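Data first, discussion second: the structure below is written as structure tokens.
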Amino acid sequence: MSKTMIEVQNLTKYFKTPKGMLHAVDGVNFTIDEGKTLGVVGESGCGKSTTGRCILRLIEPTDGKVFFEGQDVTAMSSRQLHDMRQKMQIIFQDPFSSLDPRKTVAQTIQEPMIEFKIVPKDQLHAKTRELMDMVGLAGRLINTYPHELDGGRRQRIGVARAISLNPKFIVCDEPVSALDVSIQAQILNLLKELQRDLGLTYMFITHDLSVVNHFSDDIAVMYLGQLVEKAPAEELFANPIHPYTQALLSAIPIPEVGGPKRERILLKGEITSPVNLPDECRFAKRCNYSCEACRQSDPKLVEIVPGHFVACHRMNEFINH
Amino acid sequence: MSDNNNEVLRVEDLTVYYELEEETVKAVNDISFTLDRGETIGLVGETGAGKTTTALALLRLVPDPPGVIKSGKITVCGNDMLEVPVQKLEEIRGKDIAMIFQDPMTSLNPVFTVGEQIAESIEIHEKLGKHEAYEKALDMLEMVGIPRERGAEYPHQFSGGMKQRVVIAIALACQPQLLIADEPTTALDVTIQAQVLDLIKNLKDRQGTSVIMITHDLGIVAETCDKVAVMYAGRIIETGTLDDVFNYTLHPYTEGLFNSLPNINDRKAELKPIHGLMPDPTNLPPGCAFEPRCEYACEACKTQLPELVNFSGTHKAACLRYAEEGFHIARGKKHE
């Protein structure tokens with residue numbers, strides 16, 4: 001039996017805007033087991049990053065609870081939270097703006113270790129070199145500044161900094177989106193290696209479906225602040241039930257020529273505004289299957305087979321296909 | 001085949017440098033390719049490969065200084081782009097050749113309505129009156145899937161995908177023979193990307209436009225292009241039909257690109273990234289630019305610059321190792 005590392009219950013985040021309440025995350029529930037990766041996919045504005053940040057309480061959730069190894073993160077005092085942050089880290093998307101331009105590689109990597117007194121002062125340098133080694137940064141770069149380095153190396157600094165505190169859980173927020181394919185593969189392999197060696201648990205946020213398929217154990221699909229489908233990666237790709245998941249998967253451009261022709265499901269329109277949402281299925285306006293029921297209430301997330309959750313009024317018609 | 005009258009574009013030995021005070025960036029080095037009417041070529045490569053500089057050179061839009069077209073010849077619909085006077089150039093741009101830029105957020109003017117922006121190029125090139133041009137602009141808007149009424153709105157009232165549609169409408173307003181699409185969907189979400197690619201494809205089929213699709217995404221190439229040219233450090237290192245490059249891959253770099261991509265059908269397959277980084281374009285190695293990262297490299301690769309060699313009627317690659325009898329990279333079938 002694997003241990004649950006993260007449990008999210010009814011996580012909700014609303015932002016006040018002049019036009020009304022913006023529902024960034026709306027009642028999301030999921031768990032992540034120790035040593036596993038949950039991939040979170042969805043289009044820009046679907047609430048993936050906000051969910052990740054709410055779990056770490058980098059943003060205060062409006063409602064709901066987050067448990068880290070059974071402890072309620074949302075109820076912690078700022079002091080407890082400070083200690084907790086050592087175990088929960090984040091790697092950001094943009095290696096160009098997430099590093100302090102006035103700090104060297106060494107200073108950047110050491111900063112959290114000094115804050116949490118991870119190693120005695122005289123061992124700090126050795127520990128830094130060890131971390132740089134782990135993430136594949138050449139030792140000669142220790143005194144360089146971010147502007148001297150390319151995107152891949154900068155992202156390695158971000159990774160080194162995140163693992164410097166021996167965390168158990170890392171939110172990876174689009175860690176490879178800003179990188180070229182050959183560099184992207186280097187970083188993905190690095191993250192996998194570290195997971196294996198250090199037993200890390202990841203929440204991997206991305207919009208790239210082929211990357212998430214490769215990287216995750218479970219995949220959660222979000223649409224306008226809600227979880228619309230969640231399943232083990234293989235199951236989701238073999239048996240997508242929600243019409244949005246089906247459309248997403250069919251839209252992945254596959255780098256193959258001469259393979260079987262795929263039917264592409266084109267969606268109508270674009271993601272609608274998350275402000276002042278009516279009580280109907282949020283995907284109904286773009287859905288090729290929407291019916292009366294979809295416009296009357298918001299479907300609930302239901303477990304259709306163990307581990308596979310779907311929120312759709314008409315899912316029974318799609319399951320038998 | 002220079003007397004092929006189906007030919008829309010011919011690029012011969014194009015070399016573009018950015019000459020800075022202390023150093024020279026060798027952005028594009030000696031590249032050649034042609035494009036026929038209705039054909040789509042994919043220009044593939046990573047950041048800094050020279051894709052965008054190539055596109056800008058075709059329009060003679062390389063920022064000068066520091067950009068200098070050192071040598072080469074570019075022929076668009078029979079016009080020698082590097083020789084024509086500026087006035088003629090302005091006629092060609094927008095009418096014969098149009099470009100869609102990567103970022104739809106910054107390529108529209110925030111103080112004009114989208115209808116006015118589309119009408120502007122129609123008015124200039126087709127010599128229509130204001131009113132007629134505006135009507136035609138609204139037709140274009142409809143063609144890219146935006147209701148006519150929205151022509152009176154400003155760019156900030158549109159979402160990213162919609163803005164990119166507007167940019168496409170502007171580019172296609174005068175029915176250009178050649179469309180350059182520079183990463184047209186990079187800033188967009190997958191479902192919107194699918195819509196935009198579909199739109200470009202339909203327009204191409206309907207109007208017989210030739211397209212240069214600049215992208216780093218081999219999936220997009222597979223779905224939209226007829227031919228491919230893979231660029232590395234300013235050179236074309238492999239070129240051929242879609243089938244040639246995807247199924248009969250020759251160059252180690254092309255293989256490396258494929259191996260870096262997660263396989264959607266086999267999620268357990270390990271990624272095999274290309275180690276190292278792209279060379280500094282101000283200081284290219286004397287031999288093959290890919291040599292430091294290439295697992296097949298031999299001594300000769302360090303000093304000798306490989307030329308594009310014909311492997312079949314359509315397929316060319318620049319790799320010295322093929323001089324050896326029987327050599328082939330791990331990926332790809334062999335040509336008969």
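Ligands are numbered from 1 in the order shown, chains are lettered A, B, ... in the order of the structure tokens, and residues start at 1 in each chain.
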
Non-local contacts of B:Ala318 (7 Å; only C-alpha atoms; under 5 positions in same chain excluded) as a count of residues only: 6

At a cut-off of 10 Å, list the chain A residues touching chain B, using only C-alpha atoms, as a ChimeraX atom specification. /A:42-44,150,152-153,179-189,207-216,233-234,237-238,244,247-258,264-271

Store the residues of this selection in a file with C-alpha atoms, as a short mmCIF file (atom, residue, chain, number, x, y, z; two decimals), in the first residue's frame.
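Result file follows (out_33.cif):
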```cif
data_model
loop_
_atom_site.label_atom_id
_atom_site.label_comp_id
_atom_site.auth_asym_id
_atom_site.auth_seq_id
_atom_site.Cartn_x
_atom_site.Cartn_y
_atom_site.Cartn_z
CA GLY A 42 -5.22 21.99 -19.36
CA GLU A 43 -5.22 25.20 -21.37
CA SER A 44 -3.96 28.54 -20.14
CA ASP A 150 21.45 29.41 -21.35
CA GLY A 152 18.73 24.68 -19.86
CA ARG A 153 21.49 25.50 -17.38
CA LEU A 179 13.26 25.10 -23.49
CA ASP A 180 14.24 23.64 -26.86
CA VAL A 181 13.36 19.99 -27.46
CA SER A 182 16.88 18.61 -27.05
CA ILE A 183 17.32 20.54 -23.78
CA GLN A 184 13.79 19.69 -22.69
CA ALA A 185 14.65 15.99 -22.88
CA GLN A 186 17.77 16.58 -20.77
CA ILE A 187 15.77 18.27 -17.99
CA LEU A 188 12.97 15.67 -18.07
CA ASN A 189 15.52 12.88 -17.70
CA HIS A 207 0.12 21.98 -21.34
CA ASP A 208 2.16 19.53 -23.39
CA LEU A 209 0.29 16.25 -23.54
CA SER A 210 3.07 14.10 -24.94
CA VAL A 211 5.36 15.27 -22.14
CA VAL A 212 2.76 14.58 -19.46
CA ASN A 213 2.12 11.11 -20.85
CA HIS A 214 5.80 10.32 -20.71
CA PHE A 215 6.35 11.78 -17.28
CA SER A 216 3.31 11.04 -15.09
CA ALA A 233 -1.73 7.87 -17.63
CA GLU A 234 -2.14 4.70 -19.66
CA PHE A 237 -4.70 7.85 -23.17
CA ALA A 238 -6.34 4.52 -24.00
CA TYR A 244 -12.70 17.71 -23.61
CA ALA A 247 -10.46 16.66 -28.06
CA LEU A 248 -7.20 17.47 -26.28
CA LEU A 249 -5.70 14.10 -27.07
CA SER A 250 -6.79 14.23 -30.70
CA ALA A 251 -5.18 17.66 -31.08
CA ILE A 252 -1.65 16.49 -30.21
CA PRO A 253 0.45 16.80 -33.35
CA ILE A 254 2.28 13.48 -33.70
CA PRO A 255 5.73 13.51 -35.32
CA GLU A 256 5.08 10.51 -37.53
CA VAL A 257 4.53 10.16 -41.24
CA GLY A 258 2.66 7.31 -42.82
CA ARG A 264 -9.16 15.13 -35.18
CA ILE A 265 -11.90 16.51 -32.98
CA LEU A 266 -12.10 20.25 -33.51
CA LEU A 267 -13.70 22.20 -30.70
CA LYS A 268 -15.92 25.18 -31.22
CA GLY A 269 -14.69 28.53 -29.91
CA GLU A 270 -12.35 29.13 -27.04
CA ILE A 271 -12.18 28.81 -23.31
#
```

Nearby residues (only C-alpha atoms) at most 9 Å from B:Lys70, same-chain spacing under 5 positions excluded, as a short mmCIF file (atom, residue, chain, number, x, y, z; two decimals) with N, CA, C and O atoms, in the first residue's frame:
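Produced file out_37.cif, reproduced below:
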```cif
data_model
loop_
_atom_site.label_atom_id
_atom_site.label_comp_id
_atom_site.auth_asym_id
_atom_site.auth_seq_id
_atom_site.Cartn_x
_atom_site.Cartn_y
_atom_site.Cartn_z
N LEU B 14 22.23 31.62 -49.66
CA LEU B 14 21.97 32.78 -48.80
C LEU B 14 22.84 32.75 -47.54
O LEU B 14 22.90 31.74 -46.83
N THR B 15 23.51 33.86 -47.29
CA THR B 15 24.32 33.99 -46.08
C THR B 15 23.99 35.31 -45.41
O THR B 15 24.02 36.36 -46.05
N VAL B 16 23.61 35.25 -44.14
CA VAL B 16 23.28 36.47 -43.41
C VAL B 16 24.09 36.52 -42.12
O VAL B 16 24.10 35.57 -41.34
N TYR B 17 24.77 37.64 -41.91
CA TYR B 17 25.53 37.84 -40.67
C TYR B 17 24.94 39.02 -39.92
O TYR B 17 24.36 39.93 -40.51
#
```

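Here atom CA of A:Lys127 stands at a distance of 28.9 Å from atom CA of A:Ser177.
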
Alpha helix (DSSP H) positions in stretch 174-221 of chain B, given as a PyMOL selection string: chain B and resi 190-207+218-221

What lies within 12 Å of B:Pro292 using only C-alpha atoms, ignoring chain neighbours under 3 positions off, as number ranges by chain? B: 252-253, 274-280, 284-289, 295-299, 301-303

If we count only C-alpha atoms, what is near B:Ile212 at a cut-off of 8 Å, once residues fewer than 4 positions away on the same chain are taken out, given as a ChimeraX atom specification? /B:40-43,178-181
